[in-house]
Amino acid sequence: MLLPKFKFHEPKTEQEACQILTEYGDKARPIAGGTDLVVNMKKKLMSPEHVVSLSRIASLKGLQKENGFVKIGACFTVADMIEAKDIRENVNALSAGAAALGSPLVRNLATIGGNLGSARPAADLPPPLMAYGATLILKSGKGKRNIAIDDFFKSPGTTECRPDEFIAEIQVLTPPAGAGAGYINLGARKAQDCNIVNVASFICLNKSGVIDTARVILGCVGPVHLRAPAAEKILMGEKPDKVLFRQAADAAKTDCLPITDFRGTGEYKRAMVGVLTQRTLEIALDEAKKNN
Amino acid sequence: MKELINLTINDQAYEVAVAPNQTLVDVLRYQLELTGTKKGCELGDCGSCTVIMDGKPVNSCLVLAMQAVGKDIKTIEGLETEQGLHPVQKAFVEKQGVQCGFCTSGMILSAKSLLDKNGDPTEHEIRKALSGNLCRCTGYQKIIESVQAASKGVSK
Ligand SMILES: Cc1cc2nc3c(=O)[nH]c(=O)nc-3n(C[C@H](O)[C@H](O)[C@H](O)COP(=O)(O)OP(=O)(O)OC[C@H]3O[C@@H](n4cnc5c(N)ncnc54)[C@H](O)[C@@H]3O)c2cc1C
């Protein structure tokens with residue numbers, strides 16, 4: 001399986017990358033781990049004239065805990081995310097997302113930036129990142145801008161990132177006391193499959209044990225990952241228990257638009273949205289109680 | 001246009017002319033004749049092209065040869081020493097972890113990477129570590145037993 005021809009660039013600094021991306025615009029495409037782009041290029045779904053590797057830029061590979069944020073460089077690998085104590089201890093649902101992605105071989109190459117850049121509605125990292133309300137830092141020759149992850153995905157394969165821009169960093173606010181999150185992906189197999197449905201939930205309890213923030217994110221059941229507004233509305237301002245979570249789960253089923261395909265019928269996926277919403281809320285509640 | 005690059009494979013330096021659109025597996029097999037690394041699906045699904053890059057097993061069909069410059073690459077050919085086969089290789093022979101052999105290089109390299117980190121893995125940990133390597137012959141049982149045998153040998 002041959003790759004189409006292209007010119008290859010390996011900038012060593014962010015500034016150099018900006019220059020190259022500005023020069024070639026939509027003829028260029030960044031590459032990080034290549035686990036999505038190389039596959040798409042082999043299948044001839046994409047054939048950029050210029051491929052710009054971000055893998056030699058040291059400043060994109062870091063992980064820091066700073067000012068209440070966990071800051072993850074775009075080229076941080078998914079395998080390293082599973083190992084990272086700062087991620088496990090502060091934003092555990094993101095570790096769960098990383099552990100669910102592909103196989104060990106894929107995870108050793110795959111990066112967080114590439115997972116977001118690929119904008120697949122079934123991807124494993126967007127739901128937990130949306131549940132935590134992450135912010136993406138985009139850079140270009142014109143400077144940098146911050147964008148909320150909820151505003152990042154446009155349609156399958158397209159994002160808010162302009163051709164001259166790249167994702168430099170992902171910032172996740174460390175959840176406050178009383179907060180917790182859960183992530184579950186459902187696939188046909190345990191590794192190497194595409195999700196059928198994936199859900200992440202985040203809740204934060206105030207001092208009286210009432211939910212004052214709720215975010216429920218549904219994957220694989222729309223053109224992009226979806227917030228579940230009806231489910232969130234039911235949770236807000238209430239004390240958490242099984243009955244409330246069941247009501248939220250039922251509401252989540254009305255918040256999505258699953259299609260019938262070879263992975264499952266729309267009806268099945270909608271039912272699983274309910275099951276996973278309930279279960280991820282239970283995980284979130286357990287964690288919220290521990291964090292109090 | 002081809003460009004001369006330097007690759008370090010099995011602790012040996014190679015200078016090789018490659019085009020940007022050549023993957024590491026193709027350079028290994030067709031230019032350096034290291035055909036122990038197999039080519040199966042070519043899309044990262046099967047793991048038969050597994051090599052160890054900077055200590056981590058990866059699909060060499062998804063790595064551009066130019067991205068491998070400066071990395072320490074180990075292929076199946078690099079496991080044997082003057083003392084003979086690597087303990088994981090020996091265990092696959094002794095425990096009949098090999099049938100047609102196509103997945104074997106990848107299986108062994110994934111297993112070696114696991115045992116380098118964790119000398120005494122559980123069966124579940126072994127199955128997880130090998131989950132990117134598909135075998136269509138053995139039903140996996142003999143492979144798992146081979147890795148278990150090797151882990152006992154390694155930790156002794
Ligand atoms: C066998 C297999 C199984 C897989 N299983 C899963 C799975 O279970 N779950 C899942 O979510 N994904 C899965 N994937 C898809 C893929 O591995 C992930 O999406 C991965 O995180 C992509 O990261 P990468 O660094 O390899 O991206 P690349 O392939 O390098 O890039 C992907 C896209 O993002 C763009 N891009 C990369 N970095 C940046 C950046 N910093 N800024 C802007 N754009 C950027 C590229 O231009 C490209 O369009 C699988 C892939 C394979 C081959």
# chains A, B, ... in the order shown; residues from 1 in each chain; ligands from 1
call {"tool": "residues_around", "arguments": {"residues": "region 89-104 of chain B", "least_positions_apart": "5", "cutoff": "6 Å", "atoms": "only C-alpha atoms", "output": "NGL selection string"}}
result
:B and (48 or 135 or 142-143 or 146 or 150)
call {"tool": "select_by_dssp", "arguments": {"residues": "region 14-149 of chain B", "states": "strand (DSSP E)", "output": "VMD selection string"}}
result
chain B and resid 14 to 18 50 to 53 56 to 59 72 to 74
call {"tool": "closest_residue", "arguments": {"among": "A:Lys12, A:Lys65, A:Tyr268, A:Met81", "to": "Ser53 (chain A)", "atoms": "only C-alpha atoms"}}
result
A:Lys12
call {"tool": "atom_distance", "arguments": {"atom1": "atom 22 (C, counted along the ligand's line) of ligand 1", "atom2": "CA of Asp36 (chain A)"}}
result
5.1 Å
call {"tool": "select_by_dssp", "arguments": {"residues": "region 66-235 of chain A", "states": "alpha helix (DSSP H)", "output": "PyMOL selection string"}}
result
chain A and resi 78-83+85-90+92-100+104-109+112-118+126-131+229-235
call {"tool": "interface_residues", "arguments": {"of": "chain B", "to": "chain A", "cutoff": "9 Å", "atoms": "only C-alpha atoms", "output": "ChimeraX atom specification"}}
result
/B:1,19-23,42-47,50,56-59,61-64,66-67,110,128-133
call {"tool": "closest_residue", "arguments": {"among": "B:Gly139, B:Cys49, B:Lys74, B:Asn118", "to": "Arg29 (chain B)", "atoms": "only C-alpha atoms"}}
result
B:Cys49
call {"tool": "atom_distance", "arguments": {"atom1": "CA of Leu60 (chain A)", "atom2": "CA of Gln19 (chain A)"}}
result
16.3 Å
call {"tool": "closest_residue", "arguments": {"among": "B:Gln83, B:Ser105, B:Thr37, B:Ser60", "to": "ligand 1", "atoms": "only C-alpha atoms and all ligand atoms"}}
result
B:Ser60
call {"tool": "residues_around", "arguments": {"residues": "Gln148 (chain B)", "least_positions_apart": "3", "cutoff": "9 Å", "atoms": "only C-alpha atoms", "output": "list in words"}}
result
Ala91, Asp120, Pro121, Thr122, Glu123, Ile126, Ile143, Ile144, Glu145, Ser151, Lys152 and Gly153 of chain B
call {"tool": "write_last_selection", "arguments": {"atoms": "C-alpha atoms", "output": "PDB file, in the first residue's frame"}}
result
ATOM      1  CA  ALA B  91      10.145 -20.041  24.941  1.00  0.00           C
ATOM      2  CA  ASP B 120       6.258 -11.276  36.234  1.00  0.00           C
ATOM      3  CA  PRO B 121       3.064 -10.294  34.420  1.00  0.00           C
ATOM      4  CA  THR B 122      -0.347 -11.830  35.012  1.00  0.00           C
ATOM      5  CA  GLU B 123      -2.137 -13.583  32.158  1.00  0.00           C
ATOM      6  CA  ILE B 126       0.145 -10.483  28.862  1.00  0.00           C
ATOM      7  CA  ILE B 143       1.491 -17.781  22.677  1.00  0.00           C
ATOM      8  CA  ILE B 144       0.347 -16.787  26.166  1.00  0.00           C
ATOM      9  CA  GLU B 145       1.947 -19.951  27.569  1.00  0.00           C
ATOM     10  CA  SER B 151       8.676 -14.629  32.219  1.00  0.00           C
ATOM     11  CA  LYS B 152       9.570 -17.415  34.617  1.00  0.00           C
ATOM     12  CA  GLY B 153      12.882 -17.813  32.805  1.00  0.00           C
TER      13      GLY B 153
END
call {"tool": "closest_residue", "arguments": {"among": "B:Asp116, B:Cys41, B:Arg136, B:His124", "to": "ligand 1", "atoms": "only C-alpha atoms and all ligand atoms"}}
result
B:Cys41
call {"tool": "closest_residue", "arguments": {"among": "A:Met130, A:Met46, A:Val70, A:Leu226", "to": "ligand 1", "atoms": "only C-alpha atoms and all ligand atoms"}}
result
A:Met46
call {"tool": "residues_around", "arguments": {"residues": "Ala17 (chain A)", "least_positions_apart": "4", "cutoff": "8 Å", "atoms": "only C-alpha atoms", "output": "PyMOL selection string"}}
result
chain A and resi 11-13+21+52+54
call {"tool": "write_last_selection", "arguments": {"atoms": "all heavy atoms", "output": "PDB file, in the first residue's frame"}}
result
ATOM      1  N   PRO A  11      10.287  20.643  11.278  1.00  0.00           N
ATOM      2  CA  PRO A  11      10.730  21.810  12.052  1.00  0.00           C
ATOM      3  C   PRO A  11      11.157  21.401  13.463  1.00  0.00           C
ATOM      4  O   PRO A  11      10.612  20.457  14.021  1.00  0.00           O
ATOM      5  CB  PRO A  11       9.480  22.690  12.090  1.00  0.00           C
ATOM      6  CG  PRO A  11       8.337  21.768  11.841  1.00  0.00           C
ATOM      7  CD  PRO A  11       8.862  20.706  10.931  1.00  0.00           C
ATOM      8  N   LYS A  12      12.143  22.159  13.994  1.00  0.00           N
ATOM      9  CA  LYS A  12      12.645  21.850  15.336  1.00  0.00           C
ATOM     10  C   LYS A  12      12.004  22.756  16.389  1.00  0.00           C
ATOM     11  O   LYS A  12      12.117  22.507  17.574  1.00  0.00           O
ATOM     12  CB  LYS A  12      14.166  22.029  15.387  1.00  0.00           C
ATOM     13  CG  LYS A  12      14.926  21.156  14.422  1.00  0.00           C
ATOM     14  CD  LYS A  12      15.703  20.097  15.169  1.00  0.00           C
ATOM     15  CE  LYS A  12      16.389  19.077  14.278  1.00  0.00           C
ATOM     16  NZ  LYS A  12      16.142  19.078  12.868  1.00  0.00           N
ATOM     17  N   THR A  13      11.403  23.862  15.920  1.00  0.00           N
ATOM     18  CA  THR A  13      10.793  24.790  16.877  1.00  0.00           C
ATOM     19  C   THR A  13       9.368  25.117  16.427  1.00  0.00           C
ATOM     20  O   THR A  13       9.017  24.944  15.251  1.00  0.00           O
ATOM     21  CB  THR A  13      11.572  26.127  16.940  1.00  0.00           C
ATOM     22  OG1 THR A  13      11.492  26.747  15.646  1.00  0.00           O
ATOM     23  CG2 THR A  13      13.031  25.926  17.311  1.00  0.00           C
ATOM     24  N   LEU A  21       3.814  26.208   7.945  1.00  0.00           N
ATOM     25  CA  LEU A  21       2.354  26.088   7.765  1.00  0.00           C
ATOM     26  C   LEU A  21       1.776  27.351   7.125  1.00  0.00           C
ATOM     27  O   LEU A  21       0.834  27.284   6.329  1.00  0.00           O
ATOM     28  CB  LEU A  21       1.677  25.798   9.098  1.00  0.00           C
ATOM     29  CG  LEU A  21       1.935  24.401   9.686  1.00  0.00           C
ATOM     30  CD1 LEU A  21       1.352  24.280  11.089  1.00  0.00           C
ATOM     31  CD2 LEU A  21       1.349  23.307   8.794  1.00  0.00           C
ATOM     32  N   VAL A  52       4.030  18.076   7.564  1.00  0.00           N
ATOM     33  CA  VAL A  52       4.876  18.818   8.502  1.00  0.00           C
ATOM     34  C   VAL A  52       4.885  18.090   9.850  1.00  0.00           C
ATOM     35  O   VAL A  52       3.895  18.094  10.577  1.00  0.00           O
ATOM     36  CB  VAL A  52       4.339  20.257   8.694  1.00  0.00           C
ATOM     37  CG1 VAL A  52       5.291  21.064   9.574  1.00  0.00           C
ATOM     38  CG2 VAL A  52       4.130  20.941   7.346  1.00  0.00           C
ATOM     39  N   LEU A  54       5.460  17.388  13.616  1.00  0.00           N
ATOM     40  CA  LEU A  54       5.588  18.174  14.859  1.00  0.00           C
ATOM     41  C   LEU A  54       6.391  17.407  15.905  1.00  0.00           C
ATOM     42  O   LEU A  54       6.611  17.892  17.015  1.00  0.00           O
ATOM     43  CB  LEU A  54       4.188  18.500  15.413  1.00  0.00           C
ATOM     44  CG  LEU A  54       3.237  19.234  14.462  1.00  0.00           C
ATOM     45  CD1 LEU A  54       1.859  19.419  15.107  1.00  0.00           C
ATOM     46  CD2 LEU A  54       3.806  20.601  14.065  1.00  0.00           C
TER      47      LEU A  54
END
call {"tool": "residues_around", "arguments": {"residues": "Val221 (chain A)", "least_positions_apart": "4", "cutoff": "8 Å", "atoms": "only C-alpha atoms", "output": "ChimeraX atom specification"}}
result
/A:121,197,225-226,256-259,269-270
call {"tool": "residues_around", "arguments": {"residues": "Thr277 (chain A)", "least_positions_apart": "3", "cutoff": "12 Å", "atoms": "only C-alpha atoms", "output": "count of residues only"}}
result
47
call {"tool": "atom_distance", "arguments": {"atom1": "CA of Lys117 (chain B)", "atom2": "CA of Gly62 (chain A)"}}
result
22.5 Å
call {"tool": "decode", "arguments": {"residues": "region 48-88 of chain B", "atoms": "N, CA and C atoms", "output": "PDB file, in the first residue's frame"}}
result
ATOM      1  N   SER B  48       1.925  -7.253  12.702  1.00  0.00           N
ATOM      2  CA  SER B  48       3.003  -8.116  12.206  1.00  0.00           C
ATOM      3  C   SER B  48       4.263  -7.304  11.879  1.00  0.00           C
ATOM      4  N   CYS B  49       4.143  -5.987  11.744  1.00  0.00           N
ATOM      5  CA  CYS B  49       5.296  -5.131  11.429  1.00  0.00           C
ATOM      6  C   CYS B  49       5.916  -4.515  12.682  1.00  0.00           C
ATOM      7  N   THR B  50       5.565  -5.038  13.859  1.00  0.00           N
ATOM      8  CA  THR B  50       6.072  -4.458  15.120  1.00  0.00           C
ATOM      9  C   THR B  50       7.598  -4.377  15.157  1.00  0.00           C
ATOM     10  N   VAL B  51       8.103  -3.210  15.517  1.00  0.00           N
ATOM     11  CA  VAL B  51       9.525  -3.056  15.868  1.00  0.00           C
ATOM     12  C   VAL B  51       9.566  -2.287  17.188  1.00  0.00           C
ATOM     13  N   ILE B  52      10.696  -2.335  17.874  1.00  0.00           N
ATOM     14  CA  ILE B  52      10.826  -1.578  19.111  1.00  0.00           C
ATOM     15  C   ILE B  52      11.585  -0.284  18.803  1.00  0.00           C
ATOM     16  N   MET B  53      10.937   0.850  19.060  1.00  0.00           N
ATOM     17  CA  MET B  53      11.546   2.152  18.751  1.00  0.00           C
ATOM     18  C   MET B  53      11.743   2.893  20.069  1.00  0.00           C
ATOM     19  N   ASP B  54      12.968   3.256  20.374  1.00  0.00           N
ATOM     20  CA  ASP B  54      13.300   3.883  21.658  1.00  0.00           C
ATOM     21  C   ASP B  54      12.632   3.129  22.819  1.00  0.00           C
ATOM     22  N   GLY B  55      12.734   1.827  22.790  1.00  0.00           N
ATOM     23  CA  GLY B  55      12.254   1.001  23.915  1.00  0.00           C
ATOM     24  C   GLY B  55      10.772   0.673  23.883  1.00  0.00           C
ATOM     25  N   LYS B  56      10.046   1.199  22.880  1.00  0.00           N
ATOM     26  CA  LYS B  56       8.603   0.950  22.850  1.00  0.00           C
ATOM     27  C   LYS B  56       8.175   0.261  21.561  1.00  0.00           C
ATOM     28  N   PRO B  57       7.334  -0.766  21.669  1.00  0.00           N
ATOM     29  CA  PRO B  57       6.888  -1.443  20.449  1.00  0.00           C
ATOM     30  C   PRO B  57       5.898  -0.571  19.673  1.00  0.00           C
ATOM     31  N   VAL B  58       6.096  -0.482  18.371  1.00  0.00           N
ATOM     32  CA  VAL B  58       5.213   0.335  17.517  1.00  0.00           C
ATOM     33  C   VAL B  58       4.962  -0.394  16.193  1.00  0.00           C
ATOM     34  N   ASN B  59       3.931   0.061  15.466  1.00  0.00           N
ATOM     35  CA  ASN B  59       3.648  -0.464  14.130  1.00  0.00           C
ATOM     36  C   ASN B  59       4.566   0.249  13.137  1.00  0.00           C
ATOM     37  N   SER B  60       5.531  -0.465  12.542  1.00  0.00           N
ATOM     38  CA  SER B  60       6.462   0.234  11.639  1.00  0.00           C
ATOM     39  C   SER B  60       5.809   0.586  10.299  1.00  0.00           C
ATOM     40  N   CYS B  61       4.591   0.105  10.055  1.00  0.00           N
ATOM     41  CA  CYS B  61       3.878   0.484   8.818  1.00  0.00           C
ATOM     42  C   CYS B  61       3.288   1.882   8.937  1.00  0.00           C
ATOM     43  N   LEU B  62       3.245   2.427  10.174  1.00  0.00           N
ATOM     44  CA  LEU B  62       2.667   3.764  10.368  1.00  0.00           C
ATOM     45  C   LEU B  62       3.753   4.811  10.618  1.00  0.00           C
ATOM     46  N   VAL B  63       5.017   4.374  10.603  1.00  0.00           N
ATOM     47  CA  VAL B  63       6.123   5.307  10.858  1.00  0.00           C
ATOM     48  C   VAL B  63       6.793   5.622   9.523  1.00  0.00           C
ATOM     49  N   LEU B  64       6.958   6.891   9.214  1.00  0.00           N
ATOM     50  CA  LEU B  64       7.718   7.254   8.019  1.00  0.00           C
ATOM     51  C   LEU B  64       9.196   6.991   8.310  1.00  0.00           C
ATOM     52  N   ALA B  65       9.916   6.478   7.331  1.00  0.00           N
ATOM     53  CA  ALA B  65      11.337   6.162   7.559  1.00  0.00           C
ATOM     54  C   ALA B  65      12.064   7.397   8.081  1.00  0.00           C
ATOM     55  N   MET B  66      11.717   8.567   7.555  1.00  0.00           N
ATOM     56  CA  MET B  66      12.407   9.794   7.983  1.00  0.00           C
ATOM     57  C   MET B  66      12.122  10.137   9.447  1.00  0.00           C
ATOM     58  N   GLN B  67      10.954   9.696   9.942  1.00  0.00           N
ATOM     59  CA  GLN B  67      10.650   9.947  11.352  1.00  0.00           C
ATOM     60  C   GLN B  67      11.500   9.064  12.265  1.00  0.00           C
ATOM     61  N   ALA B  68      12.111   8.019  11.710  1.00  0.00           N
ATOM     62  CA  ALA B  68      12.872   7.076  12.532  1.00  0.00           C
ATOM     63  C   ALA B  68      14.332   7.498  12.697  1.00  0.00           C
ATOM     64  N   VAL B  69      14.723   8.595  12.029  1.00  0.00           N
ATOM     65  CA  VAL B  69      16.102   9.084  12.158  1.00  0.00           C
ATOM     66  C   VAL B  69      16.368   9.454  13.619  1.00  0.00           C
ATOM     67  N   GLY B  70      17.502   8.999  14.135  1.00  0.00           N
ATOM     68  CA  GLY B  70      17.870   9.354  15.510  1.00  0.00           C
ATOM     69  C   GLY B  70      17.226   8.457  16.557  1.00  0.00           C
ATOM     70  N   LYS B  71      16.398   7.526  16.130  1.00  0.00           N
ATOM     71  CA  LYS B  71      15.756   6.619  17.083  1.00  0.00           C
ATOM     72  C   LYS B  71      16.548   5.321  17.148  1.00  0.00           C
ATOM     73  N   ASP B  72      16.392   4.655  18.278  1.00  0.00           N
ATOM     74  CA  ASP B  72      17.040   3.371  18.468  1.00  0.00           C
ATOM     75  C   ASP B  72      16.030   2.287  18.081  1.00  0.00           C
ATOM     76  N   ILE B  73      16.293   1.606  16.973  1.00  0.00           N
ATOM     77  CA  ILE B  73      15.305   0.645  16.460  1.00  0.00           C
ATOM     78  C   ILE B  73      15.790  -0.789  16.651  1.00  0.00           C
ATOM     79  N   LYS B  74      14.899  -1.597  17.174  1.00  0.00           N
ATOM     80  CA  LYS B  74      15.237  -3.013  17.324  1.00  0.00           C
ATOM     81  C   LYS B  74      14.230  -3.833  16.533  1.00  0.00           C
ATOM     82  N   THR B  75      14.762  -4.740  15.700  1.00  0.00           N
ATOM     83  CA  THR B  75      13.881  -5.658  14.964  1.00  0.00           C
ATOM     84  C   THR B  75      14.143  -7.064  15.494  1.00  0.00           C
ATOM     85  N   ILE B  76      13.370  -8.010  15.011  1.00  0.00           N
ATOM     86  CA  ILE B  76      13.509  -9.388  15.496  1.00  0.00           C
ATOM     87  C   ILE B  76      14.942  -9.916  15.268  1.00  0.00           C
ATOM     88  N   GLU B  77      15.593  -9.410  14.198  1.00  0.00           N
ATOM     89  CA  GLU B  77      16.955  -9.876  13.908  1.00  0.00           C
ATOM     90  C   GLU B  77      17.935  -9.478  15.010  1.00  0.00           C
ATOM     91  N   GLY B  78      17.566  -8.473  15.819  1.00  0.00           N
ATOM     92  CA  GLY B  78      18.495  -7.962  16.823  1.00  0.00           C
ATOM     93  C   GLY B  78      18.387  -8.654  18.179  1.00  0.00           C
ATOM     94  N   LEU B  79      17.541  -9.647  18.307  1.00  0.00           N
ATOM     95  CA  LEU B  79      17.351 -10.248  19.640  1.00  0.00           C
ATOM     96  C   LEU B  79      18.372 -11.332  19.962  1.00  0.00           C
ATOM     97  N   GLU B  80      18.788 -12.058  18.945  1.00  0.00           N
ATOM     98  CA  GLU B  80      19.719 -13.158  19.198  1.00  0.00           C
ATOM     99  C   GLU B  80      21.107 -12.598  19.508  1.00  0.00           C
ATOM    100  N   THR B  81      21.806 -13.209  20.461  1.00  0.00           N
ATOM    101  CA  THR B  81      23.179 -12.794  20.780  1.00  0.00           C
ATOM    102  C   THR B  81      24.101 -13.999  20.615  1.00  0.00           C
ATOM    103  N   GLU B  82      25.400 -13.814  20.968  1.00  0.00           N
ATOM    104  CA  GLU B  82      26.324 -14.961  20.890  1.00  0.00           C
ATOM    105  C   GLU B  82      25.854 -16.093  21.799  1.00  0.00           C
ATOM    106  N   GLN B  83      25.129 -15.717  22.852  1.00  0.00           N
ATOM    107  CA  GLN B  83      24.625 -16.755  23.763  1.00  0.00           C
ATOM    108  C   GLN B  83      23.445 -17.530  23.166  1.00  0.00           C
ATOM    109  N   GLY B  84      23.009 -17.126  22.005  1.00  0.00           N
ATOM    110  CA  GLY B  84      21.896 -17.846  21.374  1.00  0.00           C
ATOM    111  C   GLY B  84      20.635 -17.013  21.338  1.00  0.00           C
ATOM    112  N   LEU B  85      19.516 -17.701  21.164  1.00  0.00           N
ATOM    113  CA  LEU B  85      18.239 -17.006  21.046  1.00  0.00           C
ATOM    114  C   LEU B  85      17.898 -16.277  22.346  1.00  0.00           C
ATOM    115  N   HIS B  86      17.133 -15.201  22.224  1.00  0.00           N
ATOM    116  CA  HIS B  86      16.605 -14.478  23.396  1.00  0.00           C
ATOM    117  C   HIS B  86      15.650 -15.413  24.149  1.00  0.00           C
ATOM    118  N   PRO B  87      15.576 -15.304  25.483  1.00  0.00           N
ATOM    119  CA  PRO B  87      14.686 -16.198  26.244  1.00  0.00           C
ATOM    120  C   PRO B  87      13.251 -16.228  25.724  1.00  0.00           C
ATOM    121  N   VAL B  88      12.740 -15.095  25.219  1.00  0.00           N
ATOM    122  CA  VAL B  88      11.363 -15.096  24.698  1.00  0.00           C
ATOM    123  C   VAL B  88      11.304 -15.926  23.408  1.00  0.00           C
TER     124      VAL B  88
END
